[in-house]
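File shown: run.txt. Contents: compact mmCIF, C-alpha atoms and all ligand atoms.
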# COMPACT_ATOMS: atom_id res chain seq x y z
CA MET A 1 61.27 67.48 -140.57
CA ASN A 2 61.38 71.21 -140.06
CA TYR A 3 64.21 71.98 -137.66
CA ILE A 4 63.52 74.84 -135.27
CA GLY A 5 67.25 75.63 -134.90
CA PRO A 6 69.56 76.18 -131.94
CA GLU A 7 68.10 79.53 -130.83
CA SER A 8 64.56 78.18 -130.50
CA ILE A 9 65.86 75.09 -128.69
CA ILE A 10 67.73 77.28 -126.22
CA LYS A 11 64.58 79.37 -125.69
CA LYS A 12 62.45 76.29 -125.01
CA ARG A 13 65.09 74.90 -122.67
CA GLN A 14 65.13 78.19 -120.77
CA GLU A 15 61.35 78.18 -120.57
CA TYR A 16 60.63 74.53 -119.77
CA PHE A 17 63.77 72.98 -118.24
CA PHE A 18 65.04 73.45 -114.73
CA PRO A 19 67.90 75.94 -114.52
CA ALA A 20 70.14 72.99 -113.55
CA THR A 21 70.48 71.93 -117.21
CA SER A 22 73.36 73.41 -119.18
CA ASN A 23 74.93 72.86 -122.58
CA PHE A 24 78.36 73.12 -124.11
CA TYR A 25 79.20 76.13 -126.33
CA LYS A 26 78.19 79.77 -126.64
CA GLU A 27 76.86 78.95 -130.09
CA PRO A 28 75.75 75.33 -129.96
CA PRO A 29 74.57 73.47 -133.04
CA GLN A 30 71.28 71.56 -133.20
CA ILE A 31 72.28 67.95 -133.63
CA ILE A 32 69.98 66.25 -136.09
CA GLY A 33 71.86 63.16 -137.20
CA GLY A 34 74.56 60.72 -136.27
CA SER A 35 76.44 58.00 -138.11
CA MET A 36 79.23 56.08 -136.37
CA GLN A 37 81.89 58.67 -135.30
CA TYR A 38 80.11 61.58 -136.96
CA LEU A 39 77.32 63.95 -135.97
CA TYR A 40 75.44 66.39 -138.21
CA ASP A 41 73.78 69.71 -137.43
CA GLN A 42 70.76 71.58 -138.79
CA ASP A 43 72.79 72.85 -141.76
CA ASN A 44 74.12 69.37 -142.42
CA LYS A 45 77.53 70.40 -141.18
CA LYS A 46 79.55 67.32 -140.21
CA TYR A 47 81.36 66.98 -136.89
CA VAL A 48 83.74 64.32 -135.67
CA ASP A 49 82.42 63.39 -132.26
CA PHE A 50 85.22 63.21 -129.68
CA PHE A 51 82.93 62.80 -126.67
CA ALA A 52 80.54 59.99 -127.69
CA GLY A 53 77.71 61.33 -125.52
CA VAL A 54 80.01 61.01 -122.48
CA SER A 55 81.50 57.60 -123.26
CA VAL A 56 78.23 56.03 -124.37
CA LEU A 57 78.54 55.47 -128.12
CA ASN A 58 81.56 53.15 -128.07
CA CYS A 59 80.22 51.40 -131.18
CA GLY A 60 79.28 54.64 -132.93
CA HIS A 61 76.08 56.57 -133.54
CA SER A 62 73.17 54.59 -135.01
CA ASN A 63 75.49 51.67 -135.74
CA PRO A 64 73.51 49.78 -138.41
CA GLU A 65 74.61 46.29 -137.31
CA ILE A 66 73.43 46.92 -133.75
CA LEU A 67 70.30 48.83 -134.74
CA LYS A 68 69.20 45.92 -136.91
CA ASP A 69 68.97 43.71 -133.81
CA THR A 70 67.39 46.47 -131.72
CA ILE A 71 64.68 47.10 -134.31
CA GLU A 72 64.06 43.38 -134.81
CA GLN A 73 63.55 43.04 -131.05
CA LEU A 74 61.31 46.13 -130.96
CA ASN A 75 59.11 44.46 -133.54
CA LYS A 76 58.97 41.17 -131.60
CA VAL A 77 58.45 42.08 -127.97
CA GLN A 78 59.38 45.38 -126.41
CA HIS A 79 58.86 45.09 -122.70
CA THR A 80 57.67 42.64 -120.07
CA CYS A 81 59.79 43.23 -116.91
CA THR A 82 61.49 40.40 -115.05
CA LEU A 83 58.16 38.98 -113.78
CA TYR A 84 57.91 37.24 -117.16
CA LEU A 85 60.47 34.98 -118.79
CA THR A 86 62.30 36.37 -121.79
CA GLN A 87 65.55 35.26 -123.38
CA PRO A 88 67.75 38.30 -124.16
CA ILE A 89 68.22 39.19 -120.48
CA VAL A 90 69.44 35.72 -119.48
CA ASP A 91 71.70 35.46 -122.52
CA LEU A 92 73.14 38.84 -121.56
CA ALA A 93 73.67 37.82 -117.94
CA GLU A 94 75.49 34.68 -119.14
CA LYS A 95 77.64 36.70 -121.55
CA LEU A 96 78.54 39.20 -118.82
CA ALA A 97 79.56 36.35 -116.51
CA ALA A 98 82.03 35.28 -119.20
CA ILE A 99 83.65 38.70 -119.63
CA LEU A 100 83.52 40.22 -116.13
CA PRO A 101 86.70 39.90 -114.05
CA GLY A 102 87.40 36.97 -111.70
CA ASP A 103 84.47 35.05 -110.30
CA ILE A 104 81.97 37.89 -110.73
CA ARG A 105 79.07 36.14 -112.42
CA ARG A 106 75.72 37.36 -111.11
CA THR A 107 74.10 40.50 -112.46
CA PHE A 108 71.20 42.73 -111.49
CA PHE A 109 69.94 44.86 -114.38
CA CYS A 110 68.89 48.51 -114.04
CA VAL A 111 68.60 51.50 -116.33
CA THR A 112 71.05 54.24 -115.30
CA GLY A 113 74.50 54.42 -113.77
CA SER A 114 73.11 56.13 -110.68
CA GLU A 115 70.55 53.39 -110.16
CA ALA A 116 73.14 50.64 -110.54
CA ASN A 117 75.56 52.33 -108.12
CA GLU A 118 72.72 52.76 -105.64
CA GLY A 119 71.96 49.04 -105.98
CA ALA A 120 75.61 48.09 -105.57
CA MET A 121 75.81 50.18 -102.40
CA ALA A 122 72.66 48.53 -101.03
CA LEU A 123 74.13 45.11 -101.83
CA ALA A 124 77.27 45.93 -99.84
CA ARG A 125 75.12 46.87 -96.85
CA LEU A 126 73.10 43.67 -97.08
CA TYR A 127 76.20 41.47 -97.37
CA THR A 128 78.36 43.04 -94.66
CA LYS A 129 75.48 44.15 -92.39
CA LYS A 130 77.37 47.45 -92.01
CA SER A 131 76.26 50.81 -93.38
CA GLY A 132 79.03 53.38 -94.00
CA TYR A 133 80.90 54.19 -97.21
CA ILE A 134 84.27 55.52 -98.29
CA ALA A 135 84.73 57.32 -101.61
CA LEU A 136 87.37 59.44 -103.34
CA LYS A 137 87.28 63.19 -103.71
CA GLY A 138 86.96 63.96 -107.40
CA GLY A 139 84.76 60.89 -107.99
CA LEU A 140 81.27 60.97 -109.49
CA HIS A 141 78.76 58.21 -108.85
CA GLY A 142 75.31 59.54 -109.68
CA ARG A 143 72.36 61.73 -109.01
CA THR A 144 70.37 59.85 -106.35
CA HIS A 145 70.63 60.91 -102.72
CA LEU A 146 73.09 58.18 -101.75
CA THR A 147 75.21 58.29 -104.91
CA LEU A 148 75.37 62.10 -104.66
CA SER A 149 76.49 61.70 -101.07
CA VAL A 150 79.56 59.70 -102.22
CA THR A 151 80.23 62.04 -105.14
CA GLY A 152 83.36 64.05 -104.42
CA ILE A 153 82.99 66.82 -107.00
CA PRO A 154 81.59 69.92 -105.26
CA MET A 155 79.78 71.31 -108.34
CA TRP A 156 77.60 68.17 -108.65
CA ARG A 157 76.68 67.98 -104.96
CA LEU A 158 73.37 69.65 -105.61
CA ASP A 159 71.79 69.21 -102.21
CA ASN A 160 73.06 70.83 -99.02
CA ASN A 161 71.52 68.03 -97.01
CA LEU A 162 73.36 65.08 -98.45
CA ILE A 163 74.21 62.20 -96.13
CA GLU A 164 77.34 62.96 -94.15
CA ASP A 165 77.00 60.60 -91.27
CA ASN A 166 79.21 57.55 -91.84
CA ILE A 167 80.35 58.67 -95.31
CA TYR A 168 84.05 59.45 -95.69
CA LEU A 169 85.50 61.24 -98.70
CA ILE A 170 89.27 60.84 -98.82
CA ASP A 171 91.85 62.46 -101.12
CA ARG A 172 92.30 60.84 -104.50
CA PRO A 173 95.80 59.64 -105.33
CA TYR A 174 96.41 62.65 -107.51
CA SER A 175 97.35 66.21 -106.77
CA ALA A 176 98.64 68.95 -109.03
CA GLU A 177 100.84 70.06 -106.13
CA SER A 178 102.67 66.79 -105.46
CA SER A 179 104.00 63.70 -107.22
CA TYR A 180 101.75 60.73 -107.98
CA GLU A 181 103.69 58.72 -105.38
CA ASP A 182 103.20 61.30 -102.62
CA ALA A 183 99.53 61.72 -103.48
CA MET A 184 99.10 57.95 -103.35
CA GLU A 185 100.77 57.69 -99.95
CA GLU A 186 98.56 60.47 -98.61
CA SER A 187 95.39 58.86 -99.95
CA LEU A 188 96.35 55.45 -98.49
CA LYS A 189 97.19 57.07 -95.15
CA GLN A 190 93.75 58.71 -95.05
CA LEU A 191 92.11 55.42 -95.99
CA GLU A 192 93.89 53.51 -93.25
CA ASP A 193 92.96 56.19 -90.77
CA VAL A 194 89.26 56.02 -91.64
CA LEU A 195 89.33 52.22 -91.56
CA GLN A 196 91.04 52.14 -88.17
CA LYS A 197 88.52 54.51 -86.66
CA HIS A 198 85.32 53.45 -88.45
CA GLY A 199 86.03 50.19 -90.34
CA LYS A 200 83.63 48.22 -88.22
CA ASP A 201 80.77 50.44 -89.48
CA ILE A 202 81.80 50.69 -93.13
CA CYS A 203 80.42 48.32 -95.75
CA ALA A 204 82.16 49.48 -98.91
CA MET A 205 84.48 51.81 -100.70
CA ILE A 206 83.22 52.97 -104.10
CA MET A 207 85.52 54.34 -106.77
CA GLU A 208 85.95 54.76 -110.48
CA PRO A 209 89.01 52.95 -111.88
CA ILE A 210 89.82 56.14 -113.78
CA GLN A 211 88.01 59.27 -112.68
CA GLY A 212 86.07 60.58 -115.67
CA ASN A 213 84.18 63.67 -114.67
CA GLY A 214 86.90 64.48 -112.15
CA GLY A 215 89.31 65.18 -115.02
CA ILE A 216 90.49 61.79 -116.36
CA ILE A 217 92.62 60.77 -113.43
CA MET A 218 94.33 57.41 -113.55
CA TYR A 219 95.90 56.07 -110.37
CA PRO A 220 99.44 54.81 -109.79
CA LYS A 221 99.65 51.12 -110.75
CA ASP A 222 99.78 49.76 -107.18
CA TYR A 223 97.16 52.03 -105.69
CA VAL A 224 94.05 49.90 -106.21
CA LYS A 225 95.85 46.73 -105.06
CA LYS A 226 96.92 48.45 -101.85
CA VAL A 227 93.40 49.78 -101.33
CA LYS A 228 91.93 46.29 -101.79
CA THR A 229 94.35 44.77 -99.30
CA LEU A 230 93.51 47.41 -96.70
CA LEU A 231 89.76 47.04 -97.25
CA GLU A 232 89.92 43.25 -96.87
CA ARG A 233 91.56 43.66 -93.49
CA TYR A 234 88.42 45.45 -92.28
CA ASN A 235 85.83 43.37 -94.16
CA VAL A 236 84.98 46.32 -96.40
CA LEU A 237 83.92 45.60 -100.00
CA LEU A 238 85.36 47.32 -103.06
CA ILE A 239 82.76 48.61 -105.54
CA ILE A 240 84.26 49.60 -108.87
CA ASP A 241 82.18 52.08 -110.85
CA GLU A 242 82.91 51.33 -114.52
CA VAL A 243 79.98 53.43 -115.73
CA GLN A 244 82.24 55.63 -117.83
CA THR A 245 85.22 53.32 -118.36
CA GLY A 246 83.64 49.97 -119.24
CA TYR A 247 83.40 48.00 -122.47
CA GLY A 248 86.69 48.65 -124.22
CA ARG A 249 86.97 52.40 -123.68
CA THR A 250 90.39 52.34 -121.96
CA GLY A 251 92.00 49.61 -124.03
CA LYS A 252 90.80 46.85 -121.69
CA MET A 253 87.27 45.45 -121.52
CA PHE A 254 87.06 46.93 -118.00
CA ALA A 255 89.46 49.58 -116.71
CA ILE A 256 89.98 47.76 -113.41
CA GLU A 257 92.01 45.22 -115.41
CA HIS A 258 94.76 47.87 -115.69
CA TYR A 259 95.40 47.41 -111.96
CA ASP A 260 95.20 43.63 -111.80
CA VAL A 261 92.54 43.69 -109.11
CA VAL A 262 89.21 41.87 -108.95
CA PRO A 263 86.65 44.01 -107.11
CA ASP A 264 83.79 42.61 -105.06
CA ILE A 265 81.12 44.45 -107.02
CA ILE A 266 81.38 46.01 -110.46
CA VAL A 267 78.95 48.55 -111.90
CA THR A 268 78.48 49.27 -115.60
CA ALA A 269 76.12 51.36 -117.73
CA LYS A 270 76.58 53.87 -120.59
CA ALA A 271 78.41 51.94 -123.37
CA LEU A 272 76.66 48.63 -122.69
CA GLY A 273 73.56 49.84 -124.52
CA ASN A 274 75.35 52.15 -126.98
CA GLY A 275 72.56 54.70 -126.48
CA ILE A 276 69.77 52.36 -125.30
CA PRO A 277 69.60 52.74 -121.49
CA VAL A 278 70.83 49.71 -119.57
CA SER A 279 73.02 49.36 -116.48
CA THR A 280 74.24 46.57 -114.26
CA PHE A 281 75.75 45.72 -110.93
CA SER A 282 77.43 42.37 -110.73
CA THR A 283 79.10 40.29 -108.04
CA THR A 284 80.10 36.82 -106.90
CA ASP A 285 77.73 33.97 -106.00
CA GLU A 286 78.60 34.42 -102.35
CA ILE A 287 77.88 38.17 -102.13
CA ALA A 288 74.78 37.96 -104.35
CA LYS A 289 73.16 35.60 -101.84
CA ALA A 290 72.64 38.55 -99.49
CA TYR A 291 70.41 40.38 -101.99
CA ASN A 292 67.44 38.15 -101.44
CA ARG A 293 64.36 40.23 -100.74
CA PRO A 294 62.12 40.88 -103.76
CA SER A 295 63.57 43.62 -105.95
CA ALA A 296 63.24 44.61 -109.59
CA SER A 297 63.82 47.59 -111.84
CA THR A 298 60.85 47.96 -114.20
CA PHE A 299 62.90 48.68 -117.32
CA GLY A 300 66.13 46.99 -116.19
CA GLY A 301 67.51 44.84 -119.01
CA ASN A 302 64.21 44.75 -120.88
CA PRO A 303 64.18 42.74 -124.12
CA VAL A 304 65.14 45.71 -126.30
CA ALA A 305 67.94 46.87 -123.99
CA ALA A 306 69.28 43.35 -123.42
CA GLN A 307 69.19 42.39 -127.09
CA THR A 308 70.96 45.64 -127.95
CA ALA A 309 73.59 45.01 -125.27
CA LEU A 310 74.22 41.50 -126.62
CA SER A 311 74.69 42.99 -130.05
CA VAL A 312 77.01 45.67 -128.63
CA LEU A 313 79.23 43.06 -126.97
CA LYS A 314 79.32 41.02 -130.18
CA TYR A 315 80.24 44.12 -132.18
CA ILE A 316 83.01 45.06 -129.73
CA GLU A 317 84.48 41.56 -129.97
CA GLU A 318 84.13 41.05 -133.71
CA ASN A 319 85.62 44.45 -134.49
CA ASN A 320 88.37 44.25 -131.84
CA LEU A 321 87.29 47.60 -130.45
CA THR A 322 89.20 47.10 -127.19
CA ALA A 323 92.50 46.61 -129.04
CA ARG A 324 91.55 49.45 -131.35
CA ALA A 325 90.99 51.77 -128.36
CA LYS A 326 94.45 50.89 -127.09
CA GLU A 327 96.17 51.36 -130.43
CA LEU A 328 94.43 54.60 -131.42
CA GLY A 329 94.54 55.87 -127.84
CA ASP A 330 98.31 55.32 -127.62
CA TYR A 331 98.66 57.17 -130.90
CA LEU A 332 96.40 60.05 -129.82
CA LYS A 333 98.20 60.42 -126.51
CA GLN A 334 101.61 60.36 -128.14
CA GLU A 335 100.60 63.01 -130.66
CA LEU A 336 98.93 65.21 -128.02
CA ASN A 337 102.14 65.01 -126.02
CA LYS A 338 104.04 66.35 -129.03
CA LEU A 339 101.98 69.55 -129.11
CA SER A 340 103.89 72.38 -127.58
CA SER A 341 101.72 75.04 -126.05
CA ASN A 342 101.76 77.15 -122.90
CA TYR A 343 98.16 76.15 -122.44
CA ILE A 344 98.85 72.45 -121.93
CA GLN A 345 99.75 71.38 -118.41
CA GLU A 346 99.43 67.61 -118.68
CA ILE A 347 98.02 64.82 -120.86
CA ARG A 348 96.40 61.98 -118.88
CA GLY A 349 94.49 58.74 -119.28
CA CYS A 350 94.70 55.69 -121.50
CA GLY A 351 92.96 54.05 -124.42
CA LEU A 352 90.42 56.40 -125.92
CA MET A 353 89.89 58.18 -122.60
CA ILE A 354 92.42 60.97 -122.73
CA GLY A 355 92.35 64.27 -120.86
CA MET A 356 94.30 67.43 -121.62
CA GLN A 357 94.73 69.58 -118.54
CA ILE A 358 94.62 73.22 -119.63
CA GLN A 359 96.48 75.88 -117.68
CA ALA A 360 96.36 79.68 -117.78
CA PRO A 361 99.80 81.07 -118.64
CA ASP A 362 98.95 84.50 -117.20
CA GLN A 363 96.21 86.40 -115.37
CA THR A 364 94.23 87.49 -118.44
CA ARG A 365 91.97 84.42 -118.59
CA SER A 366 91.28 81.48 -116.32
CA SER A 367 92.08 77.93 -117.42
CA ALA A 368 88.32 77.24 -117.63
CA GLU A 369 87.82 80.20 -119.97
CA ILE A 370 90.68 79.07 -122.18
CA THR A 371 89.23 75.56 -122.26
CA ASP A 372 85.87 76.94 -123.38
CA ILE A 373 87.47 78.98 -126.16
CA ILE A 374 89.41 75.99 -127.47
CA GLN A 375 86.31 73.81 -127.28
CA GLU A 376 84.23 76.41 -129.16
CA GLU A 377 86.82 76.92 -131.90
CA MET A 378 87.26 73.19 -132.36
CA LYS A 379 83.47 72.88 -132.72
CA ASP A 380 83.50 75.59 -135.41
CA ARG A 381 86.16 73.55 -137.20
CA GLY A 382 84.03 70.39 -137.02
CA PHE A 383 85.34 68.61 -133.90
CA LEU A 384 83.26 68.09 -130.76
CA ILE A 385 85.68 67.75 -127.84
CA GLY A 386 84.40 66.99 -124.32
CA LYS A 387 85.18 68.80 -121.12
CA ASN A 388 85.47 67.80 -117.46
CA GLY A 389 87.69 68.26 -114.39
CA LEU A 390 87.10 69.83 -110.99
CA ASN A 391 87.55 73.29 -112.51
CA ARG A 392 86.08 72.38 -115.90
CA ASP A 393 89.47 72.92 -117.49
CA VAL A 394 90.23 69.50 -118.90
CA LEU A 395 89.56 68.78 -122.57
CA ALA A 396 88.25 65.23 -122.82
CA PHE A 397 88.96 63.05 -125.83
CA GLN A 398 86.57 60.10 -125.59
CA PRO A 399 85.41 59.39 -129.14
CA PRO A 400 83.43 56.39 -130.37
CA LEU A 401 85.94 53.52 -130.54
CA VAL A 402 85.14 53.15 -134.23
CA ILE A 403 86.89 56.44 -134.98
CA ALA A 404 89.46 56.38 -137.79
CA ARG A 405 93.10 57.44 -137.53
CA GLU A 406 92.42 60.06 -140.23
CA ASP A 407 89.78 61.67 -137.99
CA ILE A 408 92.33 61.84 -135.18
CA ASP A 409 94.95 63.32 -137.51
CA ALA A 410 92.50 65.96 -138.76
CA MET A 411 91.55 66.85 -135.19
CA LEU A 412 95.21 67.11 -134.16
CA GLU A 413 96.02 69.38 -137.09
CA ASN A 414 93.14 71.71 -136.16
CA LEU A 415 93.96 71.61 -132.45
CA LYS A 416 97.53 72.58 -133.25
CA GLN A 417 96.27 75.59 -135.18
CA VAL A 418 93.80 76.58 -132.47
CA LEU A 419 96.45 76.34 -129.75
CA GLY A 420 98.92 78.18 -131.94
CA GLU A 421 96.47 81.01 -132.31
CA ARG A 422 96.31 81.64 -128.57
C1 LIG A 501 81.51 57.19 -113.27
C2 LIG A 501 80.05 57.52 -113.31
N1 LIG A 501 79.21 56.93 -112.44
C3 LIG A 501 77.90 57.18 -112.46
C4 LIG A 501 77.35 58.07 -113.35
C5 LIG A 501 75.87 58.33 -113.34
O1 LIG A 501 75.29 57.68 -114.42
P1 LIG A 501 73.82 58.09 -114.90
O2 LIG A 501 73.88 59.50 -115.40
O3 LIG A 501 73.52 57.09 -116.01
O4 LIG A 501 72.91 57.92 -113.75
C6 LIG A 501 78.18 58.72 -114.28
C7 LIG A 501 77.62 59.68 -115.25
O5 LIG A 501 78.27 60.34 -115.99
C8 LIG A 501 79.57 58.43 -114.27
O6 LIG A 501 80.41 59.01 -115.12
How would this structure read if it were set down as structure tokens?
Amino acid sequence: MNYIGPESIIKKRQEYFFPATSNFYKEPPQIIGGSMQYLYDQDNKKYVDFFAGVSVLNCGHSNPEILKDTIEQLNKVQHTCTLYLTQPIVDLAEKLAAILPGDIRRTFFCVTGSEANEGAMALARLYTKKSGYIALKGGLHGRTHLTLSVTGIPMWRLDNNLIEDNIYLIDRPYSAESSYEDAMEESLKQLEDVLQKHGKDICAMIMEPIQGNGGIIMYPKDYVKKVKTLLERYNVLLIIDEVQTGYGRTGKMFAIEHYDVVPDIIVTAKALGNGIPVSTFSTTDEIAKAYNRPSASTFGGNPVAAQTALSVLKYIEENNLTARAKELGDYLKQELNKLSSNYIQEIRGCGLMIGMQIQAPDQTRSSAEITDIIQEEMKDRGFLIGKNGLNRDVLAFQPPLVIAREDIDAMLENLKQVLGER
């Protein structure tokens, strides 16, 4: 294939995309190949991927063991939709019932995280016969009207006419200005307040177990338990959005397990298909009963997606990727914490979902500008680091879980040099 190169791609994007679409880097490469934790550009330059397509490629790019099953399924039967009986989707539903927390055992299959969150939110309405929602500031739940309305990151709230009636965004249990404990107390106080005033109209609270786009924010250990107890008092369901955190990423199969809480509804997407689009919302027998009018997502869990997801789950188990994420993540976090630089404010997260909060030591450049410079220089050195946070000043380390310790060491060595050069 003749590659047109980054400049021509940028030109075509400017001409044919909506202005809403952006890309990382002043000088971005054209990505033409991927193999496990590595990506390759138009000049065959190799990069270690530390972002995994935003937490999607947990099992690595074009993982041959998974692709074998995907291709076999593509050759057998590609698509039918749930109006016809096929096997991969029911095998996947059964497998999910075995690994999802508590007595969550029924699954509805969709395609994207937004669609699954939208479905989960509809389910909560149907079950409780109430209509309002609570969500956390700093959370991200999707791109549909309703999921945007519960998204608490201003830059993503694209529409000035999002739903405000009966939707309550409360502070997350994290603040750069106060301790985790104080921020947790404040968040719980706001939650109780909303529940006291509006609990009889609210069907669910939706939250990520660790905020991803919001800057890799983990909550104090007791927070989610306290939230669940409060919600139960007002017959409000807890929807946990594991779109970014699910399937081994944080050192547990699902990040909610870190808090020892079983939610009412759990939403997954991204890593389940390792690059083939598939998403889910799952719940108990009791709650699922309420979702009883005809409903289907055309592509949701189609044979190719479901067979791939089954293969992904098998690969995660057989290769102990969850334990690997914990072990390598602990190591990465420990080593990042050893770096001494005026630019580092805090290292957060767990497993292979680690954020480095960048700060500006003086007035010359903003923390977001410094983050961009570090990200660009790391790219030039062959390491693709992600970025998120409310001010886009958090470097995100979320590599494929198949990454090797040597890749992490090489990245750390280069990061040390880049930070030292500032
Ligand atoms: C936590 C979370 N929820 C929902 C979404 C939306 O998923 P999608 O882009 O597949 O619709 C994202 C996307 O990044 C996410 O990180």
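Residues of protein or nucleic acid lying within 7 Å of ligand LIG 501 (chain A), counting all atoms listed in the file, are Val54, Thr112, Gly113, Ser114, Glu115, Asn117, Leu140, His141, Gly142, Arg143, Glu208, Gln211, Gly212, Asn213, Asp241, Glu242, Val243, Gln244, Ala269 and Lys270 of chain A.
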- Nearest candidate to Val304 (chain A) (options A:Pro277, A:Ile344, A:Leu57, A:Pro400; using only C-alpha atoms): A:Pro277
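For the residues A:Phe18, A:Tyr223, A:Phe299, A:Tyr127, ranking by smallest atom-to-atom distance to Thr82 (chain A) using all atoms listed in the file places A:Phe299 first.
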- Task: Could you pull out every residue with an atom within 8 Å of (75.8, 66.2, -125.6), file coordinates, counting only C-alpha atoms, and send them as a list in words?
- Result: Asn23, Phe24, Phe51, Gly53 and Val54 of chain A
- Query: Expressed in Å to a single decimal, how great is the separation between CA of Leu100 (chain A) and CA of Pro88 (chain A)?
  - Reply: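 Taking CA of Leu100 (chain A) as the start and CA of Pro88 (chain A) as the end point, the length is 17.8 Å.
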- Task: Rank A:Ser8, A:Gln196, A:Thr128, A:Ser340 by their smallest atom-to-atom distance to Leu238 (chain A), using only C-alpha atoms, and report the top residue only.
- Result: A:Thr128
- Query: CA of Ile374 (chain A) and CA of Arg249 (chain A) are how many Å apart?
  - Reply: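 Going from CA of Ile374 (chain A) over to CA of Arg249 (chain A), I get 24.0 Å.
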Would you give me, as JSON lines, each residue of region 2-61 of chain A having an atom within 9 Å of an atom of region 377-389 of chain A, along with its shortest atom pair and that distance in Å to one decimal, using only C-alpha atoms and sorting by chain and residue number?
{"residue": "A:Phe24", "atom": "CA", "partner": "A:Gly386", "partner_atom": "CA", "distance": 8.6}
{"residue": "A:Tyr25", "atom": "CA", "partner": "A:Lys379", "partner_atom": "CA", "distance": 8.3}
{"residue": "A:Pro28", "atom": "CA", "partner": "A:Lys379", "partner_atom": "CA", "distance": 8.6}
{"residue": "A:Pro29", "atom": "CA", "partner": "A:Lys379", "partner_atom": "CA", "distance": 8.9}
{"residue": "A:Leu39", "atom": "CA", "partner": "A:Leu384", "partner_atom": "CA", "distance": 8.9}
{"residue": "A:Lys45", "atom": "CA", "partner": "A:Gly382", "partner_atom": "CA", "distance": 7.7}
{"residue": "A:Lys46", "atom": "CA", "partner": "A:Gly382", "partner_atom": "CA", "distance": 6.3}
{"residue": "A:Tyr47", "atom": "CA", "partner": "A:Gly382", "partner_atom": "CA", "distance": 4.3}
{"residue": "A:Val48", "atom": "CA", "partner": "A:Phe383", "partner_atom": "CA", "distance": 4.9}
{"residue": "A:Asp49", "atom": "CA", "partner": "A:Leu384", "partner_atom": "CA", "distance": 5.0}
{"residue": "A:Phe50", "atom": "CA", "partner": "A:Ile385", "partner_atom": "CA", "distance": 4.9}
{"residue": "A:Phe51", "atom": "CA", "partner": "A:Gly386", "partner_atom": "CA", "distance": 5.0}
{"residue": "A:Ala52", "atom": "CA", "partner": "A:Gly386", "partner_atom": "CA", "distance": 8.7}
{"residue": "A:Gly53", "atom": "CA", "partner": "A:Gly386", "partner_atom": "CA", "distance": 8.8}
{"residue": "A:Val54", "atom": "CA", "partner": "A:Gly386", "partner_atom": "CA", "distance": 7.6}
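You can rank A:Asp393, A:Glu327, A:Asp362, A:Glu335 by their closest distance to Cys350 (chain A) using only C-alpha atoms, and at the top of that list sits A:Glu327.
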- d(CA of Thr280 (chain A), CA of Leu328 (chain A)) in Å: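 A separation of 27.7 Å between them.
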- Name the closest residue to Ile217 (chain A) among the candidates A:Ala360, A:Ala176, A:Leu158, A:Ala20; distances are taken between atoms, counting all atoms listed in the file. A:Ala176
- Task: Could you tell me which of A:Pro303, A:Gly138, A:Gly60, A:Gly132 comes closest to Gln37 (chain A) if we count only C-alpha atoms?
- Result: A:Gly60
Kindly list the centre and edge lengths in Å, rounded to one decimal, for the axis-aligned box that covers all listed atoms of region 29-46 of chain A plus 4 Å on each of its six sides, as AutoDock Vina command-line options.
--center_x 75.9 --center_y 64.8 --center_z -137.7 --size_x 19.9 --size_y 25.4 --size_z 17.4
- Leaving out Ala135 (chain A) and any residue of its chain fewer than 5 positions from it, which residues lie within 8 Å of it when counting all atoms listed in the file, given as a PyMOL selection string? chain A and resi 150-152+167-170+205-207
- Item | Contacts of His145 (chain A) at 9 Å (all atoms listed in the file; same-chain gap of 5+ positions) as a list of chain:residue names |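 Near His145 (chain A), the qualifying residues are A:Glu118, A:Asp159, A:Leu162, A:Ile163.
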- Kindly extract all protein, DNA and RNA residues lying within 12 Å of the coordinates (89.1, 48.1, -92.3) given in the file, considering all atoms listed in the file, and supply them as a PyMOL selection string. chain A and resi 130+132-134+190-205+227-238
Expected file contents, prior selection, C-alpha atoms, as a compact mmCIF listing (two decimals), in the frame of the given file:
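Full text of out.txt as output:
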# COMPACT_ATOMS: atom_id res chain seq x y z
CA LYS A 130 77.37 47.45 -92.01
CA GLY A 132 79.03 53.38 -94.00
CA TYR A 133 80.90 54.19 -97.21
CA ILE A 134 84.27 55.52 -98.29
CA GLN A 190 93.75 58.71 -95.05
CA LEU A 191 92.11 55.42 -95.99
CA GLU A 192 93.89 53.51 -93.25
CA ASP A 193 92.96 56.19 -90.77
CA VAL A 194 89.26 56.02 -91.64
CA LEU A 195 89.33 52.22 -91.56
CA GLN A 196 91.04 52.14 -88.17
CA LYS A 197 88.52 54.51 -86.66
CA HIS A 198 85.32 53.45 -88.45
CA GLY A 199 86.03 50.19 -90.34
CA LYS A 200 83.63 48.22 -88.22
CA ASP A 201 80.77 50.44 -89.48
CA ILE A 202 81.80 50.69 -93.13
CA CYS A 203 80.42 48.32 -95.75
CA ALA A 204 82.16 49.48 -98.91
CA MET A 205 84.48 51.81 -100.70
CA VAL A 227 93.40 49.78 -101.33
CA LYS A 228 91.93 46.29 -101.79
CA THR A 229 94.35 44.77 -99.30
CA LEU A 230 93.51 47.41 -96.70
CA LEU A 231 89.76 47.04 -97.25
CA GLU A 232 89.92 43.25 -96.87
CA ARG A 233 91.56 43.66 -93.49
CA TYR A 234 88.42 45.45 -92.28
CA ASN A 235 85.83 43.37 -94.16
CA VAL A 236 84.98 46.32 -96.40
CA LEU A 237 83.92 45.60 -100.00
CA LEU A 238 85.36 47.32 -103.06
- Can you pull out every residue within 8 Å of Ser297 (chain A), counting all atoms listed in the file, but drop anything in the same chain fewer than 5 positions away, and send it as a list in words?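 The residues satisfying every condition are Cys81, Phe109, Cys110 and Val111 of chain A.
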